[in-house]
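Comments concern the structure below.
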Amino acid sequence: MALMELRDVCTYYGNIQALRGISLSVEEGEIVTLIGANGAGKTTTLMSICGIAQIRSGSVTLDGEDISRKSPHSIVAMGLSQVPEGRRIFPQLTVLENLDMGAFLRRDKAMVRVDLEEVFDLFPRLAERRNQQGGTLSGGEQQMLAISRALMARPRILLLDEPSLGLAPLIVQNIFEIIKRINEERKTTVFLVEQNANMALKIADKGYVLQNGSIRMADSAERLLANEEVRKAYLGL
Amino acid sequence: QKKEAGTIKIGVAGAHSGDLASYGLPSVNAAKLVVEAVNAAGGIDGKKVELFVEDDQCKPELATNAAAKLVSDEVVAVIGHICSGATKSALGIYKDSKIITVSPSATTPSLTQSGEYPNFFRTIAPDDAQARLATKFIKETLGLSSLAVLHDKGDYGKGFAELVKQYAESEGIRVVLFEGVNPGAPDYSAVVNKIGNSGAAGVVWGGYHPEASKLVQQMKDKGMDLPFISDDGVKDQTFIEVAGAYAEGVYATGPMDTSSNPLAVKAVADHKAKFGEEPGAFFLNAYAATLAVVNAIDKAGSTDYDAVIKAMRSEYVETPLGKISFDGIGDVIGFGFSVFQVQGGTYVELK
Amino acid sequence: MDFFLKLFLSGTAKGSIYALIALGYTMVYGIVQLINFAHGEVYMIGGFTALIIGGLLFSSGMAVPLVLLLSILAAVVFSAAFGFTIEKLAYKPLREKPRLSALISAIGISMILQNVVLLAQTEKYLSFPSYLPELEFLRPVREYLNSTQFIILVTTAAIMVILTLTIKFTRMGKAMRATAQDKHMAQLVGVDINGVISLTFIIGSALAAVGGVLICSYMGQINYYIGFVAGIKAFVAAVLGGIGSIPGAVLGSFILGWTESLGTGYLSSDYEDAYAFVILILILILKPDGILGKNQKQKV
Amino acid sequence: MSATDPILEIDRLSMIFGGLRAIDDVSLHIREGEICALIGPNGAGKTTIFNCITGVYRPTEGRVTIRRGSGQREAIQGLKPNVINRKGLARTFQNIRLFGNMTVLENVMIGRHNALAAGVLRAIARDAATRDEEERLIDDCRRILVKMRLDPFINETARNLPYGAQRRLEIARALATDPFLLLLDEPVAGMNPHETKELEETINLIRDEEKVTILLIEHDMSLVMNVSERIYVLDYGRLIAEGTPDEIKGNPEVIKAYLGE
Amino acid sequence: MERNKLFRDLRTSLIIAAWFSFLLFPLLVMKVSVTSGAALVRFRWERLPGIAVAAFALSFAWRRALEWNEARGDKPSGAGPIAALTARARSALAVKPIRLSVSAVLLAVVAVYPFALGMYHTNIMITALIYVILALGLNIVVGLGGLLNLGYAAFFAVGAYTYGLLWKYAGPAFVAAGVDPGWLFWIALPTAGVLAAVFGALLSLPVLRLRGDYLAIITLAFGEIVRMVLQNSGAVTGGATGISLIPRPWFFGLRLPPRQAATYIYYIAVALVALTVFVVRRIEDSRVGRALEAMREDEIACEAMGVDLVRNKLVTFSLGAFWAGIAGVLLAAQTTYINPDSFTLWESITVLMAVVIGGTGSIPGAIGGALLLKLLPEYFRPLAQYRMLIYGIAMILVIIFKPDGLFPRNRKKYTFEGAPSEGGASPAADGQEARR
Ligand SMILES: Nc1ncnc2c1ncn2[C@@H]1O[C@H](COP(=O)(O)OP(=O)(O)OP(=O)(O)O)[C@@H](O)[C@H]1O
Ligand SMILES: Nc1ncnc2c1ncn2[C@@H]1O[C@H](COP(=O)(O)OP(=O)(O)OP(=O)(O)O)[C@@H](O)[C@H]1O
Ligand SMILES: [Mg+2]
Ligand SMILES: [Mg+2]
């Protein structure tokens, strides 16, 4: 059984249909990437999964349980965590408090402290800024914080919306390595949305191409990387 | 609109909602009680009396609307309004439409003394009469040489306070403090401290009872035992209810004690029976106003404006305030004013 | 000097009265950014509930301290229930809507509550019996500070400390702050924002009820309209201190109390409110986010 | 004055937030007609420099001066953003800040706010001159939109535009203010390689046809290396290198701090 | 399935009924009265079943209504019967003859109103029209400028007192010279507008950098200070006693009886409303209006585009104040009596409610909102003491079911004709479809 599955999901903003019946599945331990042009509906897909955007029809299941009518916080409590589009840092909380919020549902205080150190190791920049207000961080620093905050939850399944956006080249490489490592070491399942399709497909097991609110292609990452159409439209080659 | 044969329409206007509703609603109850009694006794000349109740929230512009409404309802007379300001703005309309207006509570002297409003009457003394009486009492009976005069900044309270100040100074009493306080504030301890600091020998309050009770309470709490003299906005059983033991010893001017008047006893008892509680402010004044109107129409034998006005001025009527009539400018005659003091939980008239 | 001390203390007492109401105000504002106009009415209802329940218990011959305790408890329970219900009914449906809509809803609720009490109880002022104990040690200085004032002051301080610590350090407090800043993101880290918001209203209203009982005991009277004026003052105090900040609300209240008291004492009480408002304007010109408010300037 | 006299000069600029020195004694300059890039690790202070230039922040120390055409050199640090904009400096924002509920056309119209004169009274009277002005305005805006290849979206609500189009609209709106210097903050962030390529052309076009000098911040090295003539590299608020793309690519310090590999 | 839902619904309603019976018990069932310091409580048990039943029924209806409302919101516009109707009405209005005849009918109704309905209705309509002007003015500040102003009544007061004081001080001279003091109205009208505008500019100058609710509270403070000054400077303004016997506007030297005077003032008010609408529309559709729109969306971006925010806000404040001043003169002329009680915080709040309930930023909204808010309580008069309660409930119902107001803003959007229409597919770069 797939860990997470979307079946014929349709989502609307007011009367604009953003998702037109999306079906996809993510197996435990996989890295799955979703690519697509701007406005294809990638972000909407993530928001539909975690319940922020109400889906109008179809279903989302996690561990076989239908979560499409559950409230976001109880979905999160099932082990899902997200790096949302636009970073959504709590602007008036410090870096440390933001990270703390990431671990909001965790009870294992000791482990949280260990994870905190780990995150600071990954992004030394954040360690330097630990007492600065989140809202005054630079764009890239906020992005690092958003990723770290999601990691602090030690999720079973991690949703990432364009994690490399606004990061320096050196860090971008890092980010993909980190994702790969987390997936391998912690057995975290990863669902990755990226503009940098090249990098994303390189670390992913499986990929979906979204166009205009519908799944256009679904295949293994390698095959998508090799696909002419994909190369032309999304990899800029 | 056709005039329904057989009914005499009387309006009741005043603040029935908003922050001043507690002064307006008792007059509605009073009018209702009178009208019920009149109708139960067969009405006036066989005609039933019908009440039209209009709210003005004590706001001038709403008062004009209420007045216009009553005009279009073709009332003969209006019991109201409650606040002087609202009364002023409504009176022009009543005057032009020839409607008699009897206020139970509007005390601004100019309402009658300006001579602008021949249609206006009131069952309450104008501020100057009370102020004069209060000053006389302060000078002659209490023999105070200095005063702190406070008021609630309102038309009524400040008017009274200013007159007392004026009369007192002309009598040679020093007014060492003259200030307005915010009505409704939770705490007056700063101004109470100031009274203490001013060295005043007595305190005059122009305004209503809620503030008065806070003031006396806070004064006594601070160990200040100065004579406290106020107006008929305070000469109200509610004041004693609210201020409790603190009310003891407070002076207030007000219409002569008519509480033992059988009509007053009955009115209060009726109120308790019908509404389940003690009546509120200006209840008896409104009761008397309604009786006066009913009586004048009865005596005039018609609802003709001039005839009724004439009857208002010439005929006496038994009311809870005593046997009253009105003088040429509309002020009430037939029941004088007295100074009262709270003694043992009730206002006792000081002869 | 003695006069100054008296004025200062009465300002302090007045400030703590404002603070009792401002605390709940600022708390609700801090979490949902709503100027909760109905807060003053909840305070008034707290007072009425205490009067009613207290009266019932007292006339049944119960001991005074117990009457006090139970009537405060009743006030807290019912006010909290009101706060909870109001939020669910009138604010929650408007959460994602323009902010002014919720403000209008709050004004509507305020009108409804006032009129419900006016109609179902009375339009008159009622005497509010004080069940508060007379503290012996204050007797010699009662010219400066009486028992009720003292009790209000202590209660305010205690509530402020507890609330500040709760918000700063507990899990719930963190959830509240996160909810305040970004509701969607708070949900995405697992915060049950409905629960948090309900709880905020419950706590805020419970505080209002405590304020209702204590302040009415101090004034010795109650009426359906006392909430409106008090609510506005508390709102001003909360803004002065930096709205959303708990210590700010208390500080703002004290500054308001002192200004009014000293202004009355040395100038004239005619302009009592004006002094408060002038101070408010001056402070906000110098510190646009209030005294203890966070600078919410966003980085671009 | 010579033609190579810089049109923007930043002299020993520092910006301190609390105890944090976000910009530390930075001096740089831009000459007329150049395309320059400002790069550096996250949090190096790039956006802060833009904010100091455009008046969002008042620099703690240092001077920012401009010279337009053959005019006098004037200091602009500490002036208000709208005043600086009127002097001919326009910018885009790292986190897109469009007027989301307004149409594409309207966004650009706001950009031309200062090119028009009608005040309140003339707006009420709506005299002939005002009507003319309004008509010309729409034509002007359309011309700019065509240039930015946004004309297909002209009546769309800005918020509903694809991300790439939104970035271009930010540029169009800035261009509408008739700047001589355009500051672009991460113009291709969130764009796919294809869109990046297109924007590269657009940037060149703006410089060549509109004669606008450009200073840009970007993390996408393909764009930076392709369009810019000179590059400044910032790290921890300090300037660590300056040079042509090739020089920068080979600079070991830059590689270590920023580029990687 | 359906049955299940119904069952659940009923159960929820039962719980809610129980909850409200508990919640309202002390206030509605118990009744307190205090005699000689002791509170006495009476139980009105007969009310309890009523409360429970009402709560049960209302909660049931409430949830249904909310559901319906949500469904309505989700539906693509143009699907609901009402939407279809408005759409049809709109397209009909686009045809010139129809538009003309509709306006003619409207004009005729407005013109004969005072004759058809009598003095009371004319009077309340004048009050309502005064509030329409106020709401239109405040709408400039709140709707267009996005600045929350809770002290708007202050400018209203400036207007009313301009006329009042002119009358008080210049009136006797007029009378002595044998000139009808009603002339003063026409002098006061522009003077009051300008004075209020100047006040608006002066008062707002130091505080314009404040944001959101801080601005709101400062304006509230200003409003209260102005009222206090009016109240306390009795020597000049008459203090709490106010100024009375203010003359009605000059009418060719005739002293009109109240009924005709009301009609006359009604026409003046209608003309002023028309003027206000005209001016506000012109401003909205201008460079200034666009800048305000942008300022509301994003101040930082707006400033970066060279828009002077301070100047814009100042203009907004004074423009708003201007109309309040005008409305003030009308008020003074209508009531012939003014005192500070007409300019309390409640007045400011009422106008704000009119703006928001009508639809923030919308001109028909401001008009509709003000008419509703001022006329509704008048028509509620037969409800007597339940009036304000019902009024509060009505307000909440409106705002919950129409959170964007009754007539939400339908902003004129600048468009370029000759471009593909919004609905059409626009060829975007490289075959990607334009997002819609
Ligand atoms: N809040 C909203 N209201 C209305 N429409 C929206 C909203 N958010 C997104 N949309 C529309 O839904 C569609 C899908 O948007 P979405 O943000 O999911 O795309 P995306 O694939 O994440 O694009 P990007 O690469 O720009 O992040 C777009 O057409 C967009 O215009
Ligand atoms: N208002 C502020 N208060 C405190 N610190 C600030 C503020 N603004 C910026 N900073 C700090 O200054 C540093 C520089 O920020 P800046 O936004 O200029 O970085 P940047 O070079 O643009 O980075 P990025 O590439 O991530 O956008 C950062 O470390 C940031 O945390
Ligand atoms: Mg997206
Ligand atoms: Mg940056």
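Each chain of the structure tokens is named A, B, ... in the order shown, its residues numbered from 1; ligands are numbered from 1 in display order.
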
Site check for ligand 1: residues at most 6 Å away, only C-alpha atoms and all ligand atoms, as an MDAnalysis selection string
(chainID A and resid 13 18 37:44) or (chainID D and resid 160 162:163) or (chainID E and resid 435:436)

Go ahead and save the residues from that selection, with C-alpha atoms, as a compact mmCIF listing (two decimals), in the first residue's frame.
# COMPACT_ATOMS: atom_id res chain seq x y z
CA TYR A 13 -9.92 28.86 -5.58
CA ALA A 18 -6.63 24.87 -9.96
CA ALA A 37 5.66 25.31 -15.15
CA ASN A 38 4.68 28.29 -13.08
CA GLY A 39 1.05 28.15 -12.21
CA ALA A 40 0.67 24.48 -13.05
CA GLY A 41 -0.75 23.78 -9.61
CA LYS A 42 2.19 22.35 -7.71
CA THR A 43 1.71 24.47 -4.65
CA THR A 44 -1.99 23.82 -4.75
CA ASN D 160 -3.17 35.57 -11.18
CA PRO D 162 2.41 33.16 -13.75
CA TYR D 163 5.38 33.73 -11.54
CA ARG E 435 -2.98 31.26 -15.91
CA ARG E 436 -6.43 32.29 -15.09

Using only C-alpha atoms, find the residues of chain C whose closest atom to chain E is at most 6 Å away, then write them as a PyMOL selection string.
chain C and resi 52+55-56+101+105+108+111-112+115+120-121+274+277+288

Residues from last step as file, all heavy atoms, as a short mmCIF file (atom, residue, chain, number, x, y, z; two decimals), in the first residue's frame:
data_model
loop_
_atom_site.label_atom_id
_atom_site.label_comp_id
_atom_site.auth_asym_id
_atom_site.auth_seq_id
_atom_site.Cartn_x
_atom_site.Cartn_y
_atom_site.Cartn_z
N ILE C 52 -25.73 38.36 40.65
CA ILE C 52 -26.87 37.46 40.73
C ILE C 52 -26.55 36.24 41.59
O ILE C 52 -27.26 35.93 42.55
CB ILE C 52 -27.29 37.03 39.31
CG1 ILE C 52 -27.81 38.25 38.54
CG2 ILE C 52 -28.34 35.93 39.36
CD1 ILE C 52 -28.07 37.99 37.08
N GLY C 55 -25.81 37.17 45.13
CA GLY C 55 -27.04 37.51 45.85
C GLY C 55 -27.80 36.26 46.27
O GLY C 55 -28.27 36.14 47.40
N LEU C 56 -27.86 35.31 45.36
CA LEU C 56 -28.57 34.06 45.63
C LEU C 56 -27.92 33.32 46.80
O LEU C 56 -28.61 32.88 47.74
CB LEU C 56 -28.51 33.19 44.37
CG LEU C 56 -29.44 31.99 44.33
CD1 LEU C 56 -30.87 32.48 44.26
CD2 LEU C 56 -29.12 31.15 43.10
N SER C 101 -14.80 43.69 8.80
CA SER C 101 -16.06 42.96 8.98
C SER C 101 -16.16 42.40 10.39
O SER C 101 -17.21 42.48 11.03
CB SER C 101 -16.16 41.82 7.96
OG SER C 101 -15.97 42.32 6.68
N SER C 105 -18.85 43.09 13.39
CA SER C 105 -19.50 42.02 14.11
C SER C 105 -19.33 42.21 15.62
O SER C 105 -20.27 42.02 16.40
CB SER C 105 -18.89 40.69 13.67
OG SER C 105 -19.68 39.62 14.05
N GLY C 108 -21.63 44.82 16.80
CA GLY C 108 -22.98 44.26 16.87
C GLY C 108 -23.18 43.45 18.14
O GLY C 108 -24.19 43.59 18.84
N MET C 111 -23.61 45.61 21.12
CA MET C 111 -24.96 46.16 21.20
C MET C 111 -25.95 45.11 21.73
O MET C 111 -26.80 45.41 22.57
CB MET C 111 -25.44 46.55 19.81
CG MET C 111 -25.19 47.96 19.47
SD MET C 111 -25.26 48.00 17.71
CE MET C 111 -26.32 49.08 17.30
N ILE C 112 -25.82 43.90 21.22
CA ILE C 112 -26.75 42.85 21.61
C ILE C 112 -26.63 42.57 23.10
O ILE C 112 -27.63 42.53 23.83
CB ILE C 112 -26.49 41.57 20.80
CG1 ILE C 112 -26.87 41.80 19.34
CG2 ILE C 112 -27.28 40.39 21.37
CD1 ILE C 112 -26.54 40.64 18.44
N ASN C 115 -28.09 45.23 25.28
CA ASN C 115 -29.54 45.29 25.27
C ASN C 115 -30.18 44.07 25.91
O ASN C 115 -31.24 44.17 26.49
CB ASN C 115 -30.06 45.53 23.87
CG ASN C 115 -29.92 46.98 23.46
OD1 ASN C 115 -30.64 47.84 23.93
ND2 ASN C 115 -28.91 47.27 22.65
N ALA C 120 -33.39 42.09 29.98
CA ALA C 120 -33.67 40.94 30.84
C ALA C 120 -33.45 41.27 32.30
O ALA C 120 -34.01 40.62 33.18
CB ALA C 120 -32.79 39.77 30.44
N GLN C 121 -32.61 42.25 32.58
CA GLN C 121 -32.42 42.63 33.97
C GLN C 121 -33.06 43.99 34.22
O GLN C 121 -34.25 44.06 34.40
CB GLN C 121 -30.92 42.62 34.33
CG GLN C 121 -30.30 41.23 34.23
CD GLN C 121 -30.89 40.25 35.25
OE1 GLN C 121 -31.24 40.64 36.36
NE2 GLN C 121 -31.01 38.99 34.87
N ALA C 274 -8.85 64.10 28.02
CA ALA C 274 -7.96 64.74 27.05
C ALA C 274 -6.50 64.53 27.44
O ALA C 274 -5.66 64.29 26.58
CB ALA C 274 -8.28 66.22 26.95
N PHE C 277 -5.57 61.22 26.30
CA PHE C 277 -5.46 61.11 24.85
C PHE C 277 -4.23 61.86 24.33
O PHE C 277 -3.58 61.43 23.38
CB PHE C 277 -6.73 61.63 24.18
CG PHE C 277 -7.88 60.68 24.34
CD1 PHE C 277 -9.15 61.13 24.66
CD2 PHE C 277 -7.70 59.31 24.17
CE1 PHE C 277 -10.21 60.25 24.81
CE2 PHE C 277 -8.75 58.43 24.31
CZ PHE C 277 -10.01 58.90 24.63
N PRO C 288 5.71 54.59 17.47
CA PRO C 288 4.48 54.26 16.72
C PRO C 288 3.91 52.88 17.03
O PRO C 288 2.78 52.61 16.66
CB PRO C 288 4.94 54.32 15.26
CG PRO C 288 6.22 55.06 15.28
CD PRO C 288 6.84 54.85 16.60
#

Surrounding residues as a list in words, ligand 4, max 10 Å, only C-alpha atoms and all ligand atoms
Leu137, Ser138, Gly139, Gly140, Glu141, Gly166 and Leu167 of chain A; Val300 of chain C; Ile39, Gly40, Pro41, Asn42, Gly43, Ala44, Gly45, Lys46, Thr47, Thr48, Ile49, Phe50, Asn51, Phe93, Gln94, Asn95, Asp185, Glu186, Ile217, Glu218 and His219 of chain D

Stretch 168-274 of chain E: residues DSSP assigns to alpha helix (DSSP H), reported as a PyMOL selection string
chain E and resi 168-176+183-204+212-232+234-237+258-274

Selected residues written out with C-alpha atoms, as a PDB file, in the first residue's frame:
ATOM      1  CA  LYS E 168     -24.248  82.735  17.329  1.00  0.00           C
ATOM      2  CA  TYR E 169     -21.794  85.509  16.573  1.00  0.00           C
ATOM      3  CA  ALA E 170     -22.748  86.878  13.174  1.00  0.00           C
ATOM      4  CA  GLY E 171     -26.442  86.119  13.372  1.00  0.00           C
ATOM      5  CA  PRO E 172     -27.427  89.091  15.524  1.00  0.00           C
ATOM      6  CA  ALA E 173     -25.650  91.415  13.113  1.00  0.00           C
ATOM      7  CA  PHE E 174     -27.617  89.913  10.247  1.00  0.00           C
ATOM      8  CA  VAL E 175     -30.862  90.264  12.080  1.00  0.00           C
ATOM      9  CA  ALA E 176     -30.025  93.827  13.062  1.00  0.00           C
ATOM     10  CA  TRP E 183     -27.981  83.327   4.431  1.00  0.00           C
ATOM     11  CA  LEU E 184     -25.453  82.125   6.923  1.00  0.00           C
ATOM     12  CA  PHE E 185     -26.195  78.579   5.865  1.00  0.00           C
ATOM     13  CA  TRP E 186     -24.877  79.259   2.411  1.00  0.00           C
ATOM     14  CA  ILE E 187     -21.836  80.958   3.805  1.00  0.00           C
ATOM     15  CA  ALA E 188     -21.274  78.183   6.315  1.00  0.00           C
ATOM     16  CA  LEU E 189     -21.473  75.390   3.779  1.00  0.00           C
ATOM     17  CA  PRO E 190     -18.216  76.055   1.906  1.00  0.00           C
ATOM     18  CA  THR E 191     -16.520  77.510   4.966  1.00  0.00           C
ATOM     19  CA  ALA E 192     -17.268  74.428   7.022  1.00  0.00           C
ATOM     20  CA  GLY E 193     -16.018  72.124   4.304  1.00  0.00           C
ATOM     21  CA  VAL E 194     -12.749  73.961   3.988  1.00  0.00           C
ATOM     22  CA  LEU E 195     -12.308  74.350   7.734  1.00  0.00           C
ATOM     23  CA  ALA E 196     -12.940  70.666   8.309  1.00  0.00           C
ATOM     24  CA  ALA E 197     -10.496  69.809   5.543  1.00  0.00           C
ATOM     25  CA  VAL E 198      -7.852  72.022   7.096  1.00  0.00           C
ATOM     26  CA  PHE E 199      -8.543  70.396  10.444  1.00  0.00           C
ATOM     27  CA  GLY E 200      -8.228  67.012   8.839  1.00  0.00           C
ATOM     28  CA  ALA E 201      -4.870  67.894   7.378  1.00  0.00           C
ATOM     29  CA  LEU E 202      -3.524  69.471  10.545  1.00  0.00           C
ATOM     30  CA  LEU E 203      -4.655  66.740  12.871  1.00  0.00           C
ATOM     31  CA  SER E 204      -3.422  63.953  10.703  1.00  0.00           C
ATOM     32  CA  GLY E 212      -3.600  50.210  11.071  1.00  0.00           C
ATOM     33  CA  ASP E 213      -5.135  50.149  14.485  1.00  0.00           C
ATOM     34  CA  TYR E 214      -2.689  52.618  15.917  1.00  0.00           C
ATOM     35  CA  LEU E 215      -3.978  55.159  13.478  1.00  0.00           C
ATOM     36  CA  ALA E 216      -7.498  54.159  14.433  1.00  0.00           C
ATOM     37  CA  ILE E 217      -6.932  54.796  18.095  1.00  0.00           C
ATOM     38  CA  ILE E 218      -5.214  58.122  17.472  1.00  0.00           C
ATOM     39  CA  THR E 219      -8.107  59.311  15.393  1.00  0.00           C
ATOM     40  CA  LEU E 220     -10.418  58.125  18.142  1.00  0.00           C
ATOM     41  CA  ALA E 221      -8.406  60.236  20.576  1.00  0.00           C
ATOM     42  CA  PHE E 222      -8.603  63.291  18.335  1.00  0.00           C
ATOM     43  CA  GLY E 223     -12.311  62.843  17.967  1.00  0.00           C
ATOM     44  CA  GLU E 224     -12.817  62.718  21.700  1.00  0.00           C
ATOM     45  CA  ILE E 225     -10.527  65.676  22.316  1.00  0.00           C
ATOM     46  CA  VAL E 226     -12.485  67.799  19.890  1.00  0.00           C
ATOM     47  CA  ARG E 227     -15.712  66.847  21.605  1.00  0.00           C
ATOM     48  CA  MET E 228     -14.235  67.627  24.996  1.00  0.00           C
ATOM     49  CA  VAL E 229     -13.072  71.017  23.855  1.00  0.00           C
ATOM     50  CA  LEU E 230     -16.540  71.775  22.538  1.00  0.00           C
ATOM     51  CA  GLN E 231     -18.063  70.622  25.775  1.00  0.00           C
ATOM     52  CA  ASN E 232     -15.734  72.511  28.062  1.00  0.00           C
ATOM     53  CA  GLY E 234     -18.793  76.889  27.243  1.00  0.00           C
ATOM     54  CA  ALA E 235     -18.067  80.578  26.878  1.00  0.00           C
ATOM     55  CA  VAL E 236     -17.511  80.186  23.167  1.00  0.00           C
ATOM     56  CA  THR E 237     -19.470  77.156  22.100  1.00  0.00           C
ATOM     57  CA  PRO E 258     -41.520  73.025   9.353  1.00  0.00           C
ATOM     58  CA  ARG E 259     -43.007  70.798   6.739  1.00  0.00           C
ATOM     59  CA  GLN E 260     -41.891  72.919   3.816  1.00  0.00           C
ATOM     60  CA  ALA E 261     -38.602  73.628   5.483  1.00  0.00           C
ATOM     61  CA  ALA E 262     -37.996  69.904   5.723  1.00  0.00           C
ATOM     62  CA  THR E 263     -38.804  69.496   2.069  1.00  0.00           C
ATOM     63  CA  TYR E 264     -36.434  72.293   1.202  1.00  0.00           C
ATOM     64  CA  ILE E 265     -33.595  70.881   3.280  1.00  0.00           C
ATOM     65  CA  TYR E 266     -34.305  67.497   1.786  1.00  0.00           C
ATOM     66  CA  TYR E 267     -33.652  68.851  -1.691  1.00  0.00           C
ATOM     67  CA  ILE E 268     -30.498  70.561  -0.543  1.00  0.00           C
ATOM     68  CA  ALA E 269     -29.345  67.278   0.983  1.00  0.00           C
ATOM     69  CA  VAL E 270     -30.129  65.373  -2.202  1.00  0.00           C
ATOM     70  CA  ALA E 271     -28.161  67.902  -4.225  1.00  0.00           C
ATOM     71  CA  LEU E 272     -25.218  67.633  -1.858  1.00  0.00           C
ATOM     72  CA  VAL E 273     -25.299  63.858  -2.017  1.00  0.00           C
ATOM     73  CA  ALA E 274     -25.242  64.064  -5.787  1.00  0.00           C
TER      74      ALA E 274
END

Select, as a ChimeraX atom specification, those residues of chain A with any atom no more than 9 Å from chain C (distances computed using only C-alpha atoms).
/A:50,52,71-77,80-82,84,88-93,97-98,100-105,135-138,149-150,153

Polymer residues at most 10 Å from A:Arg20, only C-alpha atoms, same-chain spacing of 3 or more positions, as a short mmCIF file (atom, residue, chain, number, x, y, z; two decimals) with N, CA, C and O atoms, in the first residue's frame:
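Saved to selection_0.cif:
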data_model
loop_
_atom_site.label_atom_id
_atom_site.label_comp_id
_atom_site.auth_asym_id
_atom_site.auth_seq_id
_atom_site.Cartn_x
_atom_site.Cartn_y
_atom_site.Cartn_z
N ASP A 8 -7.90 11.49 -8.01
CA ASP A 8 -8.83 12.40 -8.68
C ASP A 8 -9.12 13.68 -7.89
O ASP A 8 -10.28 14.09 -7.74
N VAL A 9 -8.07 14.27 -7.41
CA VAL A 9 -8.26 15.45 -6.57
C VAL A 9 -8.56 16.68 -7.43
O VAL A 9 -7.84 16.97 -8.38
N CYS A 10 -9.66 17.36 -7.08
CA CYS A 10 -9.99 18.62 -7.72
C CYS A 10 -10.02 19.71 -6.66
O CYS A 10 -10.67 19.54 -5.63
N THR A 11 -9.34 20.80 -6.91
CA THR A 11 -9.33 21.91 -5.95
C THR A 11 -9.62 23.21 -6.68
O THR A 11 -9.19 23.41 -7.81
N TYR A 12 -10.37 24.03 -6.01
CA TYR A 12 -10.77 25.32 -6.59
C TYR A 12 -10.32 26.46 -5.70
O TYR A 12 -10.28 26.34 -4.48
N GLN A 17 -10.72 26.69 -11.11
CA GLN A 17 -10.28 25.32 -10.82
C GLN A 17 -8.76 25.26 -10.98
O GLN A 17 -8.23 25.51 -12.05
N SER A 23 -4.11 12.39 -9.71
CA SER A 23 -3.89 11.13 -9.00
C SER A 23 -2.40 10.89 -8.96
O SER A 23 -1.71 10.99 -9.97
N GLY A 41 0.06 24.29 -10.71
CA GLY A 41 -0.75 23.78 -9.61
C GLY A 41 0.05 22.98 -8.60
O GLY A 41 -0.52 22.25 -7.79
N SER A 57 -13.38 17.51 -4.70
CA SER A 57 -13.72 16.10 -4.93
C SER A 57 -12.43 15.29 -4.98
O SER A 57 -11.34 15.85 -5.05
N GLN A 211 0.76 19.82 -15.54
CA GLN A 211 0.53 20.90 -16.50
C GLN A 211 -0.92 21.34 -16.39
O GLN A 211 -1.83 20.52 -16.51
N ASN A 212 -1.09 22.61 -16.13
CA ASN A 212 -2.44 23.12 -16.09
C ASN A 212 -3.37 22.37 -15.16
O ASN A 212 -4.52 22.13 -15.49
N GLY A 213 -2.87 21.95 -14.04
CA GLY A 213 -3.74 21.29 -13.08
C GLY A 213 -3.99 19.83 -13.35
O GLY A 213 -4.82 19.21 -12.68
N SER A 214 -3.31 19.25 -14.34
CA SER A 214 -3.47 17.81 -14.57
C SER A 214 -2.09 17.16 -14.65
O SER A 214 -1.11 17.81 -15.02
N ILE A 215 -2.05 15.88 -14.30
CA ILE A 215 -0.78 15.15 -14.43
C ILE A 215 -0.56 14.87 -15.91
O ILE A 215 -1.40 14.25 -16.57
#
